[in-house]
Each structure stands twice: as structure tokens, then as C-alpha cells.
Amino acid sequence: MKDLSNYSLLAHNTFGIEARCSRFLEYSTVEEAQEIALLLKSPYLLIGAGSNLLLTGDFDGMVVHSALRGIEKIDATHVRCGSGEVWDDVVAWCVAHTLYGAENLSLIPGEVGASAVQNIGAYGAEVKDFISSIEAVEIGTGKQCSFSREECQYGYRDSRFKHEWKNRYLITHVTYQLSSDSSLQRLDYGNIRSELEHRGINQPTPLELRQVVIDIRNSKLPAPKVMGNAGSFFMNPVVERSKYEELLRMYPQMPHYYIDENHEKIPAGWMIDQCGWKGRSLGPAGVHDRQALVLVNRGGATGADIVALCQRIQHDVHEKFGIEIHPEVNIV
């Protein structure tokens, strides 16, 4: 178990912001997670790879990270993973074992434990679609717990771990249920289908679909090591159908995604682009020139710089469209 004082979190946030914590604790076994669960005192912060985290200053408390590794196939379709595994390594492992379902989530940064908290998603898929169960240790008691997907009450970039279960558990393992056939592949979101057709592929293998998703993401999103960012900064808002129809009359070319008969999802990136923010900067913080949903650290930005840019964008989107957009990034 790691137990370090006055620890730099620079390597633990993909925005590349320098901040320190009073104490850093890292567990690599369930027993170590239990030990940490019994000694934690507020304030404390539970982190993954920091790919969904914006630090606005030093953290005067304990920061806890999982280094619990391991990927194992427990039957024909279930895969159990340590919470400290890199998420994309899990996708690659599943693809190598011809298990379908996770390909659309290729190259999403972060770790297994955080994937289950955040309900990561991309290209029409969400991790909740194939989470089977979550194992955790209760903070304060060290008790081992297990939760089904239904108990976690997943929603769009949401779960009970972000609400009444926040800071209550250290996640140790997540079990995913994949598919042994391609019937669950999602090919009609974004430009996946057109890119497959361009490559002459009608029924992609998991590897082919994964590669297409990786290539699309790489063409749109900056690598955090090159330019600090946390991927998609804002959630795509879901609006009432009446609001959607009002905007569609004003913007006939507006992209949108059907949710149900009463709701439609409007891409936040499109609205940010319409407000003229794509490629612009506010000091050392900026909006990426290829994907307006991504806020970037152009060099030397502080957390406060990123927050100021976020607030300016929120203001302009609300002024133009009458819609509030909210960060999916955890601002600390």
C-alpha cells in the first residue's frame, strides 16, 4: 500500500494541472482497500486516472487511488476486472477474446472503477449496458459489498455513486457481461457506418470496429500528453420535445438524437460551435479547434482558468439557445 505525504497530483489529472494533496493512499489488494477504508477521515477524494477531474487548487486532505489490477474471464461472457485497470486495456482484452459490446467505448481514458461511477459512454453505447456487478469496500467499516447494475441506478453519465453513495465505497472490481456474437454492435451513431463503408466493411469484427472508433477519436480529440484535457467537458443536454421543435425551426440543420417521445438530446459541442467558441481561447485555457466539446490547457492553465472558460461558454450557450449545459467533469 502506498501512503505518501504532500504528494503531487500532476500525474493524476489529464488536464496537466499542478496541485498537491496532504496525503496520498493507494491500494492494490482488497485487504489494503479495507485497511484504507478504516483509516479515512474527511476531507478525502477518490480518484481514478484523473481523466474526468479538474483540480482548482491543492487538496487539504486524503486522496485515494486504486492500483488493483487483473482481468479474468469467469465464464463464456463475463469478465471480472480490477478497479485500477486502464479501461482501454480492458476493451482491447475483450476484443482479443472475441467478446462484443465494448468496442464503441475504445480509447476512452480512465480506469475501470471510474467507468462504473461515471457510466462512461460514446458512439451510442454506455458502460451500464454491459456492467453485471460491482464489488466494493464500505468506507468506515471495511465491509465487502456487491451491487447489481440495477442497484446502481444508472443514468446518463450518472449513478448512485455520484449521489447518495458518493464517498461511501472503494470500488475493487467490476464484472462486465459481453456478447459472443455481433448482434449488439452499434454502428449507426456518428460516422461509424460511413467509415466502415469507406473501408469496405459491412459486418465488422470486434477488432475492425474498435480500430474505426480509435481512428475517429484520434482525428477529433487531442491526446492529453500533447495538450491537457479531460475529453468531453460538458454533458449533452436532454430537452423537452417542445424546446427541441422550437430550436429545430430556427436551426433546421441542428443535429439531434431521439431519447423518447417526449425528449431529444442536442449535442453541446454543436451549440458551443454555433456560439463561436470552437478554437478560441480565454488566456491559457481554450476550446479545441476540432471538437468544441473539449476544453484544453494550452500551457500553464490553472483550474481557475478552465472554470472561467467553462462559465463563459455556459453563459453564451444559454443566451443563444436558452439551454443550460453542465460539466460532466468533476471540479474539485
# chains A, B, ... in the order shown; residues from 1 in each chain; ligands from 1
>>> closest_atom_pairs(of="segment 27-99 of chain A", to="segment 227-242 of chain A", cutoff="7 Å", atoms="only C-alpha atoms", output="tab-separated table")
residue	atom	partner	partner_atom	distance
A:Ser51	CA	A:Ala230	CA	5.0
A:Asn52	CA	A:Ala230	CA	5.4
A:Leu53	CA	A:Ala230	CA	6.9
>>> closest_residue(among="A:Glu261, A:Glu72, A:Glu324, A:Asp89", to="Cys310 of chain A", atoms="only C-alpha atoms")
A:Glu324
>>> residues_around(residues="Thr141 of chain A", least_positions_apart="4", cutoff="9 Å", atoms="only C-alpha atoms", output="list in words")
Gln34, Ala37, Leu38 and Val137 of chain A
>>> closest_residue(among="A:Gly82, A:Gly200, A:Pro224, A:Gly276", to="His12 of chain A", atoms="only C-alpha atoms")
A:Pro224
>>> residues_around(residues="Asn202 of chain A", least_positions_apart="6", cutoff="10 Å", atoms="only C-alpha atoms", output="compact mmCIF listing (two decimals) with C-alpha atoms, in the first residue's frame")
# COMPACT_ATOMS: atom_id res chain seq x y z
CA LEU A 187 -22.88 1.04 -35.98
CA ARG A 193 -21.17 3.37 -40.50
CA LEU A 196 -16.83 1.23 -42.21
>>> select_by_dssp(residues="segment 175-289 of chain A", states="alpha helix (DSSP H)", output="PyMOL selection string")
chain A and resi 192-198+206-220+241-250+268-274
>>> write_last_selection(atoms="N, CA and C atoms", output="compact mmCIF listing (two decimals), in the first residue's frame")
# COMPACT_ATOMS: atom_id res chain seq x y z
N ILE A 192 -19.60 6.22 -37.74
CA ILE A 192 -19.05 4.87 -37.72
C ILE A 192 -19.43 4.11 -38.99
N ARG A 193 -20.71 4.12 -39.34
CA ARG A 193 -21.17 3.37 -40.50
C ARG A 193 -20.49 3.84 -41.79
N SER A 194 -20.41 5.15 -41.98
CA SER A 194 -19.81 5.67 -43.21
C SER A 194 -18.32 5.32 -43.28
N GLU A 195 -17.65 5.34 -42.13
CA GLU A 195 -16.23 4.99 -42.13
C GLU A 195 -16.02 3.51 -42.42
N LEU A 196 -16.91 2.67 -41.90
CA LEU A 196 -16.83 1.23 -42.21
C LEU A 196 -17.05 1.00 -43.69
N GLU A 197 -18.05 1.68 -44.27
CA GLU A 197 -18.32 1.53 -45.70
C GLU A 197 -17.14 2.01 -46.53
N HIS A 198 -16.52 3.09 -46.09
CA HIS A 198 -15.34 3.61 -46.79
C HIS A 198 -14.22 2.56 -46.82
N PRO A 206 -14.94 -7.43 -33.94
CA PRO A 206 -14.68 -6.50 -32.83
C PRO A 206 -13.42 -5.67 -33.07
N LEU A 207 -12.37 -6.29 -33.62
CA LEU A 207 -11.13 -5.57 -33.86
C LEU A 207 -11.32 -4.47 -34.91
N GLU A 208 -12.06 -4.76 -35.97
CA GLU A 208 -12.30 -3.76 -37.01
C GLU A 208 -13.11 -2.59 -36.49
N LEU A 209 -14.15 -2.88 -35.70
CA LEU A 209 -14.96 -1.80 -35.15
C LEU A 209 -14.14 -0.98 -34.15
N ARG A 210 -13.38 -1.65 -33.32
CA ARG A 210 -12.53 -0.94 -32.36
C ARG A 210 -11.57 0.00 -33.09
N GLN A 211 -10.95 -0.47 -34.17
CA GLN A 211 -9.98 0.35 -34.89
C GLN A 211 -10.64 1.57 -35.51
N VAL A 212 -11.84 1.40 -36.04
CA VAL A 212 -12.57 2.53 -36.62
C VAL A 212 -12.85 3.58 -35.55
N VAL A 213 -13.33 3.13 -34.38
CA VAL A 213 -13.62 4.06 -33.28
C VAL A 213 -12.35 4.79 -32.84
N ILE A 214 -11.26 4.05 -32.72
CA ILE A 214 -9.98 4.67 -32.33
C ILE A 214 -9.56 5.73 -33.34
N ASP A 215 -9.67 5.39 -34.63
CA ASP A 215 -9.26 6.34 -35.67
C ASP A 215 -10.13 7.59 -35.67
N ILE A 216 -11.44 7.42 -35.45
CA ILE A 216 -12.35 8.57 -35.40
C ILE A 216 -12.00 9.45 -34.21
N ARG A 217 -11.81 8.83 -33.04
CA ARG A 217 -11.48 9.61 -31.84
C ARG A 217 -10.15 10.34 -32.00
N ASN A 218 -9.16 9.67 -32.56
CA ASN A 218 -7.86 10.31 -32.74
C ASN A 218 -7.93 11.48 -33.72
N SER A 219 -8.86 11.42 -34.67
CA SER A 219 -8.99 12.51 -35.64
C SER A 219 -9.68 13.73 -35.04
N LYS A 220 -10.37 13.53 -33.91
CA LYS A 220 -11.16 14.62 -33.33
C LYS A 220 -10.63 15.12 -32.00
N ARG A 241 -39.46 17.94 -25.82
CA ARG A 241 -39.70 17.95 -27.26
C ARG A 241 -40.14 19.32 -27.76
N SER A 242 -40.90 20.05 -26.95
CA SER A 242 -41.35 21.38 -27.38
C SER A 242 -40.15 22.31 -27.58
N LYS A 243 -39.15 22.23 -26.70
CA LYS A 243 -37.96 23.04 -26.84
C LYS A 243 -37.16 22.62 -28.07
N TYR A 244 -37.05 21.34 -28.27
CA TYR A 244 -36.34 20.82 -29.44
C TYR A 244 -37.00 21.30 -30.74
N GLU A 245 -38.32 21.23 -30.80
CA GLU A 245 -39.03 21.65 -32.01
C GLU A 245 -38.89 23.15 -32.25
N GLU A 246 -38.89 23.92 -31.16
CA GLU A 246 -38.67 25.37 -31.28
C GLU A 246 -37.30 25.66 -31.90
N LEU A 247 -36.26 24.97 -31.40
CA LEU A 247 -34.92 25.20 -31.92
C LEU A 247 -34.77 24.67 -33.34
N LEU A 248 -35.43 23.57 -33.66
CA LEU A 248 -35.33 22.99 -34.99
C LEU A 248 -35.90 23.94 -36.05
N ARG A 249 -36.93 24.69 -35.68
CA ARG A 249 -37.47 25.67 -36.62
C ARG A 249 -36.45 26.79 -36.87
N MET A 250 -35.67 27.11 -35.88
CA MET A 250 -34.67 28.16 -36.02
C MET A 250 -33.39 27.65 -36.68
N ALA A 268 -23.99 19.28 -27.16
CA ALA A 268 -23.46 20.51 -26.58
C ALA A 268 -22.35 21.08 -27.44
N GLY A 269 -21.55 20.19 -28.05
CA GLY A 269 -20.46 20.66 -28.89
C GLY A 269 -20.95 21.49 -30.07
N TRP A 270 -22.08 21.11 -30.64
CA TRP A 270 -22.64 21.87 -31.77
C TRP A 270 -23.06 23.25 -31.30
N MET A 271 -23.71 23.34 -30.14
CA MET A 271 -24.14 24.64 -29.64
C MET A 271 -22.94 25.53 -29.31
N ILE A 272 -21.90 24.94 -28.73
CA ILE A 272 -20.69 25.71 -28.40
C ILE A 272 -20.06 26.24 -29.68
N ASP A 273 -20.03 25.41 -30.71
CA ASP A 273 -19.50 25.83 -32.01
C ASP A 273 -20.33 26.97 -32.59
N GLN A 274 -21.66 26.87 -32.49
CA GLN A 274 -22.54 27.92 -33.01
C GLN A 274 -22.34 29.24 -32.29
>>> residues_around(residues="segment 95-98 of chain A", least_positions_apart="3", cutoff="9 Å", atoms="only C-alpha atoms", output="CSV table (one decimal) with N, CA, C and O atoms, in the first residue's frame")
chain,number,residue,atom,x,y,z
A,90,VAL,N,-8.9,-3.0,-21.0
A,90,VAL,CA,-10.0,-4.0,-20.9
A,90,VAL,C,-10.7,-4.1,-22.2
A,90,VAL,O,-11.0,-5.3,-22.6
A,91,VAL,N,-11.0,-3.0,-22.9
A,91,VAL,CA,-11.6,-3.2,-24.2
A,91,VAL,C,-10.7,-4.0,-25.2
A,91,VAL,O,-11.2,-4.9,-25.9
A,92,ALA,N,-9.4,-3.7,-25.2
A,92,ALA,CA,-8.5,-4.4,-26.0
A,92,ALA,C,-8.5,-5.9,-25.7
A,92,ALA,O,-8.5,-6.8,-26.6
A,102,ALA,N,-18.1,-3.7,-26.1
A,102,ALA,CA,-17.3,-2.5,-25.6
A,102,ALA,C,-16.6,-1.7,-26.6
A,102,ALA,O,-16.0,-0.7,-26.3
A,103,GLU,N,-16.6,-2.2,-27.9
A,103,GLU,CA,-15.8,-1.6,-28.9
A,103,GLU,C,-16.1,-0.1,-29.1
A,103,GLU,O,-15.1,0.7,-29.3
A,179,SER,N,-20.9,-10.0,-25.2
A,179,SER,CA,-21.6,-10.9,-26.0
A,179,SER,C,-20.7,-11.7,-26.9
A,179,SER,O,-19.6,-11.2,-27.3
A,180,SER,N,-21.0,-12.9,-27.2
A,180,SER,CA,-20.2,-13.8,-28.1
A,180,SER,C,-20.5,-13.6,-29.5
A,180,SER,O,-19.9,-14.3,-30.4
A,181,ASP,N,-21.5,-12.8,-29.8
A,181,ASP,CA,-21.9,-12.5,-31.3
A,181,ASP,C,-22.0,-11.0,-31.5
A,181,ASP,O,-22.0,-10.2,-30.5
A,205,THR,N,-15.6,-7.2,-37.5
A,205,THR,CA,-15.2,-7.9,-36.3
A,205,THR,C,-15.0,-6.9,-35.2
A,205,THR,O,-15.0,-5.7,-35.4
A,206,PRO,N,-14.9,-7.4,-33.9
A,206,PRO,CA,-14.7,-6.5,-32.8
A,206,PRO,C,-13.4,-5.7,-33.1
A,206,PRO,O,-13.4,-4.5,-32.8
A,207,LEU,N,-12.4,-6.3,-33.6
A,207,LEU,CA,-11.1,-5.6,-33.9
A,207,LEU,C,-11.3,-4.5,-34.9
A,207,LEU,O,-10.8,-3.4,-34.7
A,210,ARG,N,-13.4,-1.6,-33.3
A,210,ARG,CA,-12.5,-0.9,-32.4
A,210,ARG,C,-11.6,0.0,-33.1
A,210,ARG,O,-11.4,1.2,-32.7
>>> closest_residue(among="A:Gly155, A:Arg280, A:Ser148, A:Glu138", to="Gly121 of chain A", atoms="only C-alpha atoms")
A:Gly155
>>> closest_residue(among="A:Asn297, A:Asn104, A:Thr302, A:Ser22", to="Lys225 of chain A", atoms="only C-alpha atoms")
A:Asn297
>>> atom_distance(atom1="atom CA of Pro284 of chain A", atom2="atom CA of Phe15 of chain A")
12.0 Å
>>> select_by_dssp(residues="segment 32-113 of chain A", states="strand (DSSP E or B)", output="list in words")
Tyr44, Leu45, Leu46, Ile47, Leu53, Leu54, Phe59, Asp60, Gly61, Met62, Val63, Val64, His65, Ser66, Ile71, Glu72, Lys73, His78, Val79, Arg80, Cys81, Gly82, Val86, Tyr100 and Glu111 of chain A
>>> closest_residue(among="A:Glu150, A:Asp260, A:Asp3, A:Asp158", to="Ala116 of chain A", atoms="only C-alpha atoms")
A:Asp158
>>> residues_around(residues="Gln314 of chain A", least_positions_apart="3", cutoff="9 Å", atoms="only C-alpha atoms", output="ChimeraX atom specification")
/A:272,309-311,317-319,323-326
>>> write_last_selection(atoms="N, CA, C and O atoms", output="PDB file, in the first residue's frame")
ATOM      1  N   ILE A 272     -21.895  24.935 -28.726  1.00  0.00           N
ATOM      2  CA  ILE A 272     -20.693  25.710 -28.405  1.00  0.00           C
ATOM      3  C   ILE A 272     -20.062  26.244 -29.683  1.00  0.00           C
ATOM      4  O   ILE A 272     -19.633  27.404 -29.754  1.00  0.00           O
ATOM      5  N   LEU A 309     -13.360  29.749 -18.309  1.00  0.00           N
ATOM      6  CA  LEU A 309     -13.757  29.455 -19.685  1.00  0.00           C
ATOM      7  C   LEU A 309     -15.076  28.697 -19.714  1.00  0.00           C
ATOM      8  O   LEU A 309     -15.978  29.007 -20.505  1.00  0.00           O
ATOM      9  N   CYS A 310     -15.214  27.715 -18.840  1.00  0.00           N
ATOM     10  CA  CYS A 310     -16.456  26.941 -18.734  1.00  0.00           C
ATOM     11  C   CYS A 310     -17.650  27.853 -18.492  1.00  0.00           C
ATOM     12  O   CYS A 310     -18.690  27.728 -19.162  1.00  0.00           O
ATOM     13  N   GLN A 311     -17.506  28.794 -17.579  1.00  0.00           N
ATOM     14  CA  GLN A 311     -18.621  29.679 -17.234  1.00  0.00           C
ATOM     15  C   GLN A 311     -18.980  30.620 -18.380  1.00  0.00           C
ATOM     16  O   GLN A 311     -20.159  30.902 -18.607  1.00  0.00           O
ATOM     17  N   VAL A 317     -24.048  29.886 -24.380  1.00  0.00           N
ATOM     18  CA  VAL A 317     -24.997  28.867 -24.867  1.00  0.00           C
ATOM     19  C   VAL A 317     -26.396  29.166 -24.351  1.00  0.00           C
ATOM     20  O   VAL A 317     -27.382  29.066 -25.086  1.00  0.00           O
ATOM     21  N   HIS A 318     -26.499  29.570 -23.094  1.00  0.00           N
ATOM     22  CA  HIS A 318     -27.811  29.885 -22.530  1.00  0.00           C
ATOM     23  C   HIS A 318     -28.418  31.113 -23.203  1.00  0.00           C
ATOM     24  O   HIS A 318     -29.631  31.152 -23.495  1.00  0.00           O
ATOM     25  N   GLU A 319     -27.597  32.102 -23.471  1.00  0.00           N
ATOM     26  CA  GLU A 319     -28.081  33.314 -24.137  1.00  0.00           C
ATOM     27  C   GLU A 319     -28.611  33.006 -25.529  1.00  0.00           C
ATOM     28  O   GLU A 319     -29.630  33.558 -25.947  1.00  0.00           O
ATOM     29  N   ILE A 323     -30.657  27.104 -23.205  1.00  0.00           N
ATOM     30  CA  ILE A 323     -30.387  25.786 -22.634  1.00  0.00           C
ATOM     31  C   ILE A 323     -29.182  25.877 -21.708  1.00  0.00           C
ATOM     32  O   ILE A 323     -28.172  26.503 -22.048  1.00  0.00           O
ATOM     33  N   GLU A 324     -29.287  25.262 -20.541  1.00  0.00           N
ATOM     34  CA  GLU A 324     -28.156  25.189 -19.624  1.00  0.00           C
ATOM     35  C   GLU A 324     -27.361  23.922 -19.907  1.00  0.00           C
ATOM     36  O   GLU A 324     -27.939  22.837 -19.995  1.00  0.00           O
ATOM     37  N   ILE A 325     -26.053  24.074 -20.074  1.00  0.00           N
ATOM     38  CA  ILE A 325     -25.195  22.899 -20.223  1.00  0.00           C
ATOM     39  C   ILE A 325     -24.345  22.771 -18.970  1.00  0.00           C
ATOM     40  O   ILE A 325     -23.944  23.762 -18.363  1.00  0.00           O
ATOM     41  N   HIS A 326     -24.097  21.527 -18.578  1.00  0.00           N
ATOM     42  CA  HIS A 326     -23.412  21.266 -17.313  1.00  0.00           C
ATOM     43  C   HIS A 326     -22.175  20.409 -17.539  1.00  0.00           C
ATOM     44  O   HIS A 326     -22.168  19.515 -18.390  1.00  0.00           O
TER      45      HIS A 326
END
>>> closest_residue(among="A:Leu40, A:Leu184, A:Tyr251, A:Tyr176", to="Phe321 of chain A", atoms="only C-alpha atoms")
A:Tyr251
>>> decode(residues="segment 232-243 of chain A", atoms="all heavy atoms", output="PDB file, in the first residue's frame")
ATOM      1  N   SER A 232     -14.515  15.025 -23.244  1.00  0.00           N
ATOM      2  CA  SER A 232     -15.746  15.823 -23.294  1.00  0.00           C
ATOM      3  C   SER A 232     -15.960  16.516 -21.960  1.00  0.00           C
ATOM      4  O   SER A 232     -16.104  15.858 -20.930  1.00  0.00           O
ATOM      5  CB  SER A 232     -16.947  14.938 -23.620  1.00  0.00           C
ATOM      6  OG  SER A 232     -16.795  14.350 -24.900  1.00  0.00           O
ATOM      7  N   PHE A 233     -15.996  17.840 -21.981  1.00  0.00           N
ATOM      8  CA  PHE A 233     -16.110  18.590 -20.739  1.00  0.00           C
ATOM      9  C   PHE A 233     -17.557  18.747 -20.301  1.00  0.00           C
ATOM     10  O   PHE A 233     -17.856  18.749 -19.107  1.00  0.00           O
ATOM     11  CB  PHE A 233     -15.482  19.976 -20.907  1.00  0.00           C
ATOM     12  CG  PHE A 233     -15.263  20.702 -19.608  1.00  0.00           C
ATOM     13  CD1 PHE A 233     -14.069  20.558 -18.915  1.00  0.00           C
ATOM     14  CD2 PHE A 233     -16.248  21.511 -19.057  1.00  0.00           C
ATOM     15  CE1 PHE A 233     -13.862  21.214 -17.699  1.00  0.00           C
ATOM     16  CE2 PHE A 233     -16.049  22.176 -17.856  1.00  0.00           C
ATOM     17  CZ  PHE A 233     -14.859  22.020 -17.171  1.00  0.00           C
ATOM     18  N   PHE A 234     -18.470  18.863 -21.270  1.00  0.00           N
ATOM     19  CA  PHE A 234     -19.883  19.082 -20.965  1.00  0.00           C
ATOM     20  C   PHE A 234     -20.724  17.871 -21.344  1.00  0.00           C
ATOM     21  O   PHE A 234     -20.416  17.154 -22.295  1.00  0.00           O
ATOM     22  CB  PHE A 234     -20.416  20.297 -21.740  1.00  0.00           C
ATOM     23  CG  PHE A 234     -19.785  21.605 -21.368  1.00  0.00           C
ATOM     24  CD1 PHE A 234     -18.778  22.147 -22.146  1.00  0.00           C
ATOM     25  CD2 PHE A 234     -20.193  22.294 -20.239  1.00  0.00           C
ATOM     26  CE1 PHE A 234     -18.185  23.360 -21.816  1.00  0.00           C
ATOM     27  CE2 PHE A 234     -19.612  23.508 -19.896  1.00  0.00           C
ATOM     28  CZ  PHE A 234     -18.599  24.042 -20.682  1.00  0.00           C
ATOM     29  N   MET A 235     -21.792  17.676 -20.599  1.00  0.00           N
ATOM     30  CA  MET A 235     -22.780  16.674 -20.959  1.00  0.00           C
ATOM     31  C   MET A 235     -23.687  17.220 -22.052  1.00  0.00           C
ATOM     32  O   MET A 235     -23.963  18.426 -22.111  1.00  0.00           O
ATOM     33  CB  MET A 235     -23.630  16.292 -19.739  1.00  0.00           C
ATOM     34  CG  MET A 235     -22.861  15.575 -18.658  1.00  0.00           C
ATOM     35  SD  MET A 235     -23.916  15.033 -17.290  1.00  0.00           S
ATOM     36  CE  MET A 235     -24.202  16.576 -16.449  1.00  0.00           C
ATOM     37  N   ASN A 236     -24.143  16.333 -22.928  1.00  0.00           N
ATOM     38  CA  ASN A 236     -25.107  16.737 -23.949  1.00  0.00           C
ATOM     39  C   ASN A 236     -26.477  16.881 -23.294  1.00  0.00           C
ATOM     40  O   ASN A 236     -26.975  15.934 -22.684  1.00  0.00           O
ATOM     41  CB  ASN A 236     -25.168  15.707 -25.074  1.00  0.00           C
ATOM     42  CG  ASN A 236     -23.887  15.672 -25.879  1.00  0.00           C
ATOM     43  OD1 ASN A 236     -23.335  16.708 -26.227  1.00  0.00           O
ATOM     44  ND2 ASN A 236     -23.404  14.474 -26.179  1.00  0.00           N
ATOM     45  N   PRO A 237     -27.109  18.050 -23.390  1.00  0.00           N
ATOM     46  CA  PRO A 237     -28.382  18.246 -22.698  1.00  0.00           C
ATOM     47  C   PRO A 237     -29.539  17.500 -23.359  1.00  0.00           C
ATOM     48  O   PRO A 237     -29.615  17.403 -24.584  1.00  0.00           O
ATOM     49  CB  PRO A 237     -28.595  19.762 -22.793  1.00  0.00           C
ATOM     50  CG  PRO A 237     -27.860  20.160 -24.024  1.00  0.00           C
ATOM     51  CD  PRO A 237     -26.658  19.258 -24.093  1.00  0.00           C
ATOM     52  N   VAL A 238     -30.399  16.969 -22.526  1.00  0.00           N
ATOM     53  CA  VAL A 238     -31.645  16.348 -22.989  1.00  0.00           C
ATOM     54  C   VAL A 238     -32.770  17.340 -22.718  1.00  0.00           C
ATOM     55  O   VAL A 238     -32.940  17.801 -21.584  1.00  0.00           O
ATOM     56  CB  VAL A 238     -31.907  15.021 -22.261  1.00  0.00           C
ATOM     57  CG1 VAL A 238     -33.255  14.444 -22.673  1.00  0.00           C
ATOM     58  CG2 VAL A 238     -30.775  14.031 -22.552  1.00  0.00           C
ATOM     59  N   VAL A 239     -33.530  17.705 -23.763  1.00  0.00           N
ATOM     60  CA  VAL A 239     -34.536  18.756 -23.648  1.00  0.00           C
ATOM     61  C   VAL A 239     -35.931  18.213 -23.950  1.00  0.00           C
ATOM     62  O   VAL A 239     -36.093  17.166 -24.572  1.00  0.00           O
ATOM     63  CB  VAL A 239     -34.225  19.942 -24.591  1.00  0.00           C
ATOM     64  CG1 VAL A 239     -32.852  20.520 -24.268  1.00  0.00           C
ATOM     65  CG2 VAL A 239     -34.297  19.523 -26.051  1.00  0.00           C
ATOM     66  N   GLU A 240     -36.920  18.946 -23.481  1.00  0.00           N
ATOM     67  CA  GLU A 240     -38.310  18.610 -23.792  1.00  0.00           C
ATOM     68  C   GLU A 240     -38.541  18.739 -25.298  1.00  0.00           C
ATOM     69  O   GLU A 240     -37.901  19.551 -25.973  1.00  0.00           O
ATOM     70  CB  GLU A 240     -39.260  19.559 -23.056  1.00  0.00           C
ATOM     71  CG  GLU A 240     -39.189  19.488 -21.540  1.00  0.00           C
ATOM     72  CD  GLU A 240     -39.880  18.257 -20.989  1.00  0.00           C
ATOM     73  OE1 GLU A 240     -40.680  17.640 -21.732  1.00  0.00           O
ATOM     74  OE2 GLU A 240     -39.614  17.911 -19.819  1.00  0.00           O
ATOM     75  N   ARG A 241     -39.457  17.936 -25.820  1.00  0.00           N
ATOM     76  CA  ARG A 241     -39.699  17.951 -27.265  1.00  0.00           C
ATOM     77  C   ARG A 241     -40.143  19.320 -27.758  1.00  0.00           C
ATOM     78  O   ARG A 241     -39.775  19.738 -28.857  1.00  0.00           O
ATOM     79  CB  ARG A 241     -40.736  16.884 -27.630  1.00  0.00           C
ATOM     80  CG  ARG A 241     -41.005  16.781 -29.132  1.00  0.00           C
ATOM     81  CD  ARG A 241     -41.448  15.407 -29.518  1.00  0.00           C
ATOM     82  NE  ARG A 241     -40.433  14.414 -29.196  1.00  0.00           N
ATOM     83  CZ  ARG A 241     -39.391  14.124 -29.987  1.00  0.00           C
ATOM     84  NH1 ARG A 241     -39.233  14.774 -31.117  1.00  0.00           N
ATOM     85  NH2 ARG A 241     -38.523  13.218 -29.645  1.00  0.00           N
ATOM     86  N   SER A 242     -40.901  20.052 -26.950  1.00  0.00           N
ATOM     87  CA  SER A 242     -41.346  21.376 -27.380  1.00  0.00           C
ATOM     88  C   SER A 242     -40.155  22.310 -27.583  1.00  0.00           C
ATOM     89  O   SER A 242     -40.127  23.104 -28.542  1.00  0.00           O
ATOM     90  CB  SER A 242     -42.310  21.970 -26.353  1.00  0.00           C
ATOM     91  OG  SER A 242     -41.707  22.052 -25.072  1.00  0.00           O
ATOM     92  N   LYS A 243     -39.152  22.229 -26.705  1.00  0.00           N
ATOM     93  CA  LYS A 243     -37.958  23.044 -26.842  1.00  0.00           C
ATOM     94  C   LYS A 243     -37.161  22.624 -28.067  1.00  0.00           C
ATOM     95  O   LYS A 243     -36.671  23.479 -28.832  1.00  0.00           O
ATOM     96  CB  LYS A 243     -37.097  22.931 -25.588  1.00  0.00           C
ATOM     97  CG  LYS A 243     -35.809  23.758 -25.618  1.00  0.00           C
ATOM     98  CD  LYS A 243     -36.096  25.245 -25.706  1.00  0.00           C
ATOM     99  CE  LYS A 243     -34.829  26.065 -25.668  1.00  0.00           C
ATOM    100  NZ  LYS A 243     -35.099  27.519 -25.777  1.00  0.00           N
TER     101      LYS A 243
END
